[in-house]
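Everything below concerns the one structure shown next.
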Amino acid sequence: MTLTGRTAIVTGGASGMGRAGSVRFAAHGAHVVVVDRDADAARDTVEEILAAGGSAEHHVLDLSDQAALAPWAEALEHDVVDVLFSHAGLPGPPGWRFDAESWNETMVVNVWAPMELTRLLLPRIRRAECASLIYTASTSALRAVPGMLTYSASKAALVQFVRSLAVQLAPEGIRANAICPGATDTPALRRDIEDGTVPASLEAIAQRVPMRRLGTVDDVAQVALFLASDASAYLTGLAIPIDGGATA
């Protein structure tokens with residue numbers, strides 16, 4: 001699978017699954033635009049890619065700042081966008097602890113921002129020979145999960161957007177798919193366990209998975225790479241679980 005000569009934009013590309021995707025895309029030849037609100041982490045990701053002989057640049061962008069998206073897209077120096085990996089997201093408030101402010105913030109980052117970035121970048125995406133749009137949803141979009149009301153609602157909305165987008169853009173040869181990670185060993189999950197947001201150990205979570213292990217960021221990055229490449233040229237409109245059989 002090669003991405004040589006292609007430009008890939010990765011939002012939330014500075015940590016966890018997004019960083020793994022950025023590194024993987026670059027290792028297969030893409031020039032990667034690492035977009036993240038954490039400037040230091042984005043810079044570190046680019047340095048890792050460059051040290052390995054890849055090509056990348058970092059942009060600082062907070063997707064919760066709705067007014068910032070259009071100026072960022074207008075200033076982008078790349079005329080063609082071959083791959084958009086819209087990974088950035090928020091966990092949202094747990095259970096019933098949402099209010100209008102936290103609900104809106106979650107929906108803006110998890111649903112509106114991916115939609116708006118797609119709209120803003122579409123002229124550049126249309127210039128690509130075989131464009132691929134990839135969106136990170138969650139298995140929480142595919143099955144009921146107690147205590148994740150806001151997050152599940154936002155990711156289910158994202159999946160339906162992707163399906164509609166895929167059908168709308170298919171006649172133009174542009175593909176759109178969602179990846180739906182299950183329990184994955186990321187810095188964010190470890191933080192949630194440490195602060196009690198997730199009341200379980202990594203080992204206990206792994207035992208609920210049929211494969212008896214957590215996913216890794218590389219498990220997710222490999223699927224993202226497949227979807228970004230021509231190896232998946234006839235796949236569009238899918239919501240692909242990456243969960244060790246948890247949603248089987």
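A note on labels: chains of the structure tokens are A, B, ... as shown, every chain counts residues from 1, and ligands are counted from 1 in their shown order.
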For segment 26-41 of chain A, please output as number ranges by chain all residues within 9 Å (counting only C-alpha atoms; exclusion window: fewer than 2 positions along the same chain).
-> A: 1-15, 18-19, 21-24, 43-46, 49-50, 52-63, 88, 225
Can those selected residues be exported to a file as a tab-separated table (two decimals), in the first residue's frame so that it contains N, CA and C atoms?
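Output (selection.tsv):
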chain	number	residue	atom	x	y	z
A	1	MET	N	0.85	-1.19	0.00
A	1	MET	CA	0.00	0.00	0.00
A	1	MET	C	0.89	1.24	0.00
A	2	THR	N	0.71	2.09	-0.99
A	2	THR	CA	1.54	3.27	-1.09
A	2	THR	C	0.69	4.54	-1.14
A	3	LEU	N	1.20	5.58	-0.54
A	3	LEU	CA	0.59	6.90	-0.59
A	3	LEU	C	1.57	7.91	-1.18
A	4	THR	N	2.53	7.43	-1.91
A	4	THR	CA	3.58	8.29	-2.46
A	4	THR	C	2.98	9.39	-3.33
A	5	GLY	N	3.43	10.61	-3.06
A	5	GLY	CA	2.97	11.75	-3.83
A	5	GLY	C	1.64	12.32	-3.38
A	6	ARG	N	1.09	11.81	-2.31
A	6	ARG	CA	-0.22	12.28	-1.85
A	6	ARG	C	-0.10	13.13	-0.59
A	7	THR	N	-1.07	14.00	-0.42
A	7	THR	CA	-1.13	14.85	0.76
A	7	THR	C	-2.25	14.36	1.66
A	8	ALA	N	-1.91	14.11	2.91
A	8	ALA	CA	-2.88	13.61	3.89
A	8	ALA	C	-2.99	14.59	5.05
A	9	ILE	N	-4.20	14.98	5.37
A	9	ILE	CA	-4.45	15.83	6.53
A	9	ILE	C	-5.01	14.96	7.64
A	10	VAL	N	-4.42	15.08	8.82
A	10	VAL	CA	-4.87	14.29	9.98
A	10	VAL	C	-5.19	15.25	11.11
A	11	THR	N	-6.47	15.34	11.49
A	11	THR	CA	-6.83	16.14	12.64
A	11	THR	C	-6.71	15.28	13.90
A	12	GLY	N	-6.32	15.91	14.99
A	12	GLY	CA	-6.02	15.13	16.18
A	12	GLY	C	-4.82	14.24	15.92
A	13	GLY	N	-3.89	14.74	15.09
A	13	GLY	CA	-2.81	13.90	14.60
A	13	GLY	C	-1.58	13.86	15.47
A	14	ALA	N	-1.66	14.41	16.68
A	14	ALA	CA	-0.46	14.55	17.51
A	14	ALA	C	-0.37	13.55	18.65
A	15	SER	N	-1.38	12.72	18.84
A	15	SER	CA	-1.32	11.76	19.94
A	15	SER	C	-2.18	10.55	19.62
A	18	GLY	N	-4.39	9.14	16.28
A	18	GLY	CA	-4.11	10.12	15.25
A	18	GLY	C	-2.62	10.22	14.94
A	19	ARG	N	-1.81	10.18	15.98
A	19	ARG	CA	-0.35	10.21	15.76
A	19	ARG	C	0.10	8.95	15.03
A	21	GLY	N	-1.60	7.16	13.01
A	21	GLY	CA	-2.02	7.31	11.61
A	21	GLY	C	-1.10	8.24	10.84
A	22	SER	N	-0.73	9.35	11.46
A	22	SER	CA	0.17	10.30	10.81
A	22	SER	C	1.50	9.63	10.46
A	23	VAL	N	2.06	8.93	11.44
A	23	VAL	CA	3.35	8.26	11.22
A	23	VAL	C	3.23	7.18	10.16
A	24	ARG	N	2.14	6.43	10.19
A	24	ARG	CA	1.96	5.35	9.22
A	24	ARG	C	1.79	5.91	7.81
A	43	ARG	N	4.31	19.25	16.98
A	43	ARG	CA	5.70	19.43	16.55
A	43	ARG	C	6.50	18.15	16.78
A	44	ASP	N	6.27	17.49	17.91
A	44	ASP	CA	6.97	16.23	18.19
A	44	ASP	C	6.63	15.16	17.17
A	45	THR	N	5.37	15.11	16.77
A	45	THR	CA	4.95	14.12	15.78
A	45	THR	C	5.66	14.36	14.45
A	46	VAL	N	5.72	15.62	14.04
A	46	VAL	CA	6.40	15.95	12.79
A	46	VAL	C	7.89	15.62	12.88
A	49	ILE	N	8.37	11.98	12.33
A	49	ILE	CA	8.21	11.63	10.92
A	49	ILE	C	9.46	12.03	10.13
A	50	LEU	N	9.95	13.23	10.36
A	50	LEU	CA	11.13	13.71	9.63
A	50	LEU	C	12.36	12.87	9.95
A	52	ALA	N	12.46	9.84	10.59
A	52	ALA	CA	12.35	8.55	9.91
A	52	ALA	C	12.43	8.68	8.39
A	53	GLY	N	12.68	9.91	7.92
A	53	GLY	CA	12.81	10.13	6.49
A	53	GLY	C	11.53	10.51	5.79
A	54	GLY	N	10.47	10.80	6.56
A	54	GLY	CA	9.19	11.17	5.96
A	54	GLY	C	9.05	12.66	5.76
A	55	SER	N	7.87	13.07	5.31
A	55	SER	CA	7.58	14.47	5.01
A	55	SER	C	6.33	14.89	5.76
A	56	ALA	N	6.42	15.99	6.49
A	56	ALA	CA	5.27	16.42	7.30
A	56	ALA	C	5.41	17.87	7.70
A	57	GLU	N	4.31	18.44	8.13
A	57	GLU	CA	4.25	19.78	8.69
A	57	GLU	C	3.18	19.79	9.76
A	58	HIS	N	3.24	20.72	10.69
A	58	HIS	CA	2.21	20.76	11.73
A	58	HIS	C	1.48	22.09	11.71
A	59	HIS	N	0.19	22.01	11.99
A	59	HIS	CA	-0.68	23.18	12.08
A	59	HIS	C	-1.40	23.12	13.43
A	60	VAL	N	-1.52	24.25	14.08
A	60	VAL	CA	-2.23	24.32	15.34
A	60	VAL	C	-3.65	24.82	15.07
A	61	LEU	N	-4.63	24.02	15.46
A	61	LEU	CA	-6.03	24.36	15.23
A	61	LEU	C	-6.88	23.70	16.29
A	62	ASP	N	-7.74	24.49	16.93
A	62	ASP	CA	-8.69	24.00	17.92
A	62	ASP	C	-10.05	23.87	17.25
A	63	LEU	N	-10.51	22.66	17.05
A	63	LEU	CA	-11.75	22.44	16.31
A	63	LEU	C	-12.99	22.92	17.05
A	88	ALA	N	-9.82	13.91	15.26
A	88	ALA	CA	-9.99	14.66	16.51
A	88	ALA	C	-11.40	14.50	17.06
A	225	LEU	N	-4.70	3.31	7.11
A	225	LEU	CA	-3.82	3.24	5.95
A	225	LEU	C	-4.48	2.48	4.80
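Atom CA of Asn104 of chain A lies 27.3 Å from atom CA of Asp185 of chain A.
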A:Ser164, A:Gln66, A:Gln207, A:Thr216 ranked by distance to Met107 of chain A, top pick (using only C-alpha atoms) | A:Gln66
Output as a CSV table (one decimal) with C-alpha atoms, in the first residue's frame all residues of segment 54-227 of chain A that backbone DSSP marks as strand (DSSP E or B).
chain,number,residue,atom,x,y,z
A,55,SER,CA,7.6,14.5,5.0
A,56,ALA,CA,5.3,16.4,7.3
A,57,GLU,CA,4.3,19.8,8.7
A,58,HIS,CA,2.2,20.8,11.7
A,59,HIS,CA,-0.7,23.2,12.1
A,60,VAL,CA,-2.2,24.3,15.3
A,83,VAL,CA,-6.6,12.0,2.2
A,84,LEU,CA,-8.6,13.6,5.0
A,85,PHE,CA,-8.3,11.6,8.3
A,86,SER,CA,-10.7,13.4,10.6
A,132,SER,CA,-10.3,9.1,0.5
A,133,LEU,CA,-12.1,10.6,3.5
A,134,ILE,CA,-11.8,8.8,6.8
A,135,TYR,CA,-13.6,9.7,10.0
A,136,THR,CA,-13.0,8.3,13.5
A,175,ARG,CA,-14.7,7.6,-1.0
A,176,ALA,CA,-15.8,8.2,2.6
A,177,ASN,CA,-15.6,5.6,5.5
A,178,ALA,CA,-15.7,5.6,9.2
A,179,ILE,CA,-13.6,3.6,11.5
A,180,CYS,CA,-15.1,2.6,14.8
A,181,PRO,CA,-12.4,1.7,17.4
A,184,THR,CA,-7.9,0.8,22.6
A,215,GLY,CA,-6.6,-2.7,20.6
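When only C-alpha atoms are used to compute distances to Glu116 of chain A, the closest of the residues A:Arg143, A:Cys130, A:Ser102, A:Ala67 turns out to be A:Ala67.
One distance worth recording is that between atom CA of Ala157 of chain A and atom CA of Arg213 of chain A, which is 28.1 Å.
The two atoms in question, atom CA of Ala206 of chain A and atom CA of Thr247 of chain A, are spaced 14.0 Å apart.
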Sorted by chain and rising residue number, list the residues of segment 2-104 of chain A at most 12 Å from segment 191-198 of chain A (counting only C-alpha atoms), each with its closest atom pair and distance in Å to one decimal, as a tab-separated table.
residue	atom	partner	partner_atom	distance
A:Pro91	CA	A:Asp192	CA	10.1
A:Gly92	CA	A:Thr197	CA	11.3
A:Pro93	CA	A:Thr197	CA	9.8
A:Pro94	CA	A:Thr197	CA	7.9
A:Gly95	CA	A:Thr197	CA	10.7
Take the residues just selected and output them with C-alpha atoms as a JSON list (two decimals), in the first residue's frame.
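Result went into part-v9.json, see below:
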[["chain", "number", "residue", "atom", "x", "y", "z"],
["A", 91, "PRO", "CA", -15.28, 12.18, 25.04],
["A", 92, "GLY", "CA", -18.07, 14.44, 26.21],
["A", 93, "PRO", "CA", -19.53, 14.53, 29.71],
["A", 94, "PRO", "CA", -20.33, 11.18, 31.36],
["A", 95, "GLY", "CA", -23.89, 10.00, 31.88]]
Filtered DSSP result for segment 154-235 of chain A, state alpha helix (DSSP H), as a ChimeraX atom specification | /A:154-169,187-194,202-207,217-228
Closest of A:Leu165, A:Leu90, A:Val111, A:Val81 to Ala188 of chain A, counting only C-alpha atoms, is A:Leu90
Selection: 10 Å around Met211 of chain A, only C-alpha atoms, excl. self and same-chain fewer than 5 positions, as a PyMOL selection string | chain A and resi 206+243-246
Surrounding residues of Val217 of chain A excluding itself and chain neighbours under 3 positions, 7 Å, only C-alpha atoms, as a PyMOL selection string | chain A and resi 16-17+20+184-186+220-221
What does the file look like for those residues with N, CA and C atoms, as a PDB file, in the first residue's frame?
ATOM      1  N   GLY A  16      -1.902   9.462  20.330  1.00  0.00           N
ATOM      2  CA  GLY A  16      -2.729   8.267  20.241  1.00  0.00           C
ATOM      3  C   GLY A  16      -2.911   7.749  18.829  1.00  0.00           C
ATOM      4  N   MET A  17      -4.149   7.441  18.482  1.00  0.00           N
ATOM      5  CA  MET A  17      -4.459   6.876  17.176  1.00  0.00           C
ATOM      6  C   MET A  17      -4.151   7.847  16.049  1.00  0.00           C
ATOM      7  N   ALA A  20      -0.412   7.796  15.443  1.00  0.00           N
ATOM      8  CA  ALA A  20      -0.043   6.549  14.773  1.00  0.00           C
ATOM      9  C   ALA A  20      -0.436   6.592  13.304  1.00  0.00           C
ATOM     10  N   THR A 184      -9.271   0.700  23.198  1.00  0.00           N
ATOM     11  CA  THR A 184      -7.934   0.827  22.625  1.00  0.00           C
ATOM     12  C   THR A 184      -7.000   1.450  23.646  1.00  0.00           C
ATOM     13  N   ASP A 185      -5.832   0.898  23.759  1.00  0.00           N
ATOM     14  CA  ASP A 185      -4.848   1.382  24.728  1.00  0.00           C
ATOM     15  C   ASP A 185      -4.228   2.682  24.221  1.00  0.00           C
ATOM     16  N   THR A 186      -4.740   3.787  24.696  1.00  0.00           N
ATOM     17  CA  THR A 186      -4.263   5.111  24.301  1.00  0.00           C
ATOM     18  C   THR A 186      -3.934   5.916  25.557  1.00  0.00           C
ATOM     19  N   VAL A 220      -5.425   0.482  14.732  1.00  0.00           N
ATOM     20  CA  VAL A 220      -6.282   1.491  14.108  1.00  0.00           C
ATOM     21  C   VAL A 220      -5.585   2.129  12.908  1.00  0.00           C
ATOM     22  N   ALA A 221      -4.307   2.448  13.071  1.00  0.00           N
ATOM     23  CA  ALA A 221      -3.567   3.100  11.988  1.00  0.00           C
ATOM     24  C   ALA A 221      -3.485   2.223  10.750  1.00  0.00           C
TER      25      ALA A 221
END
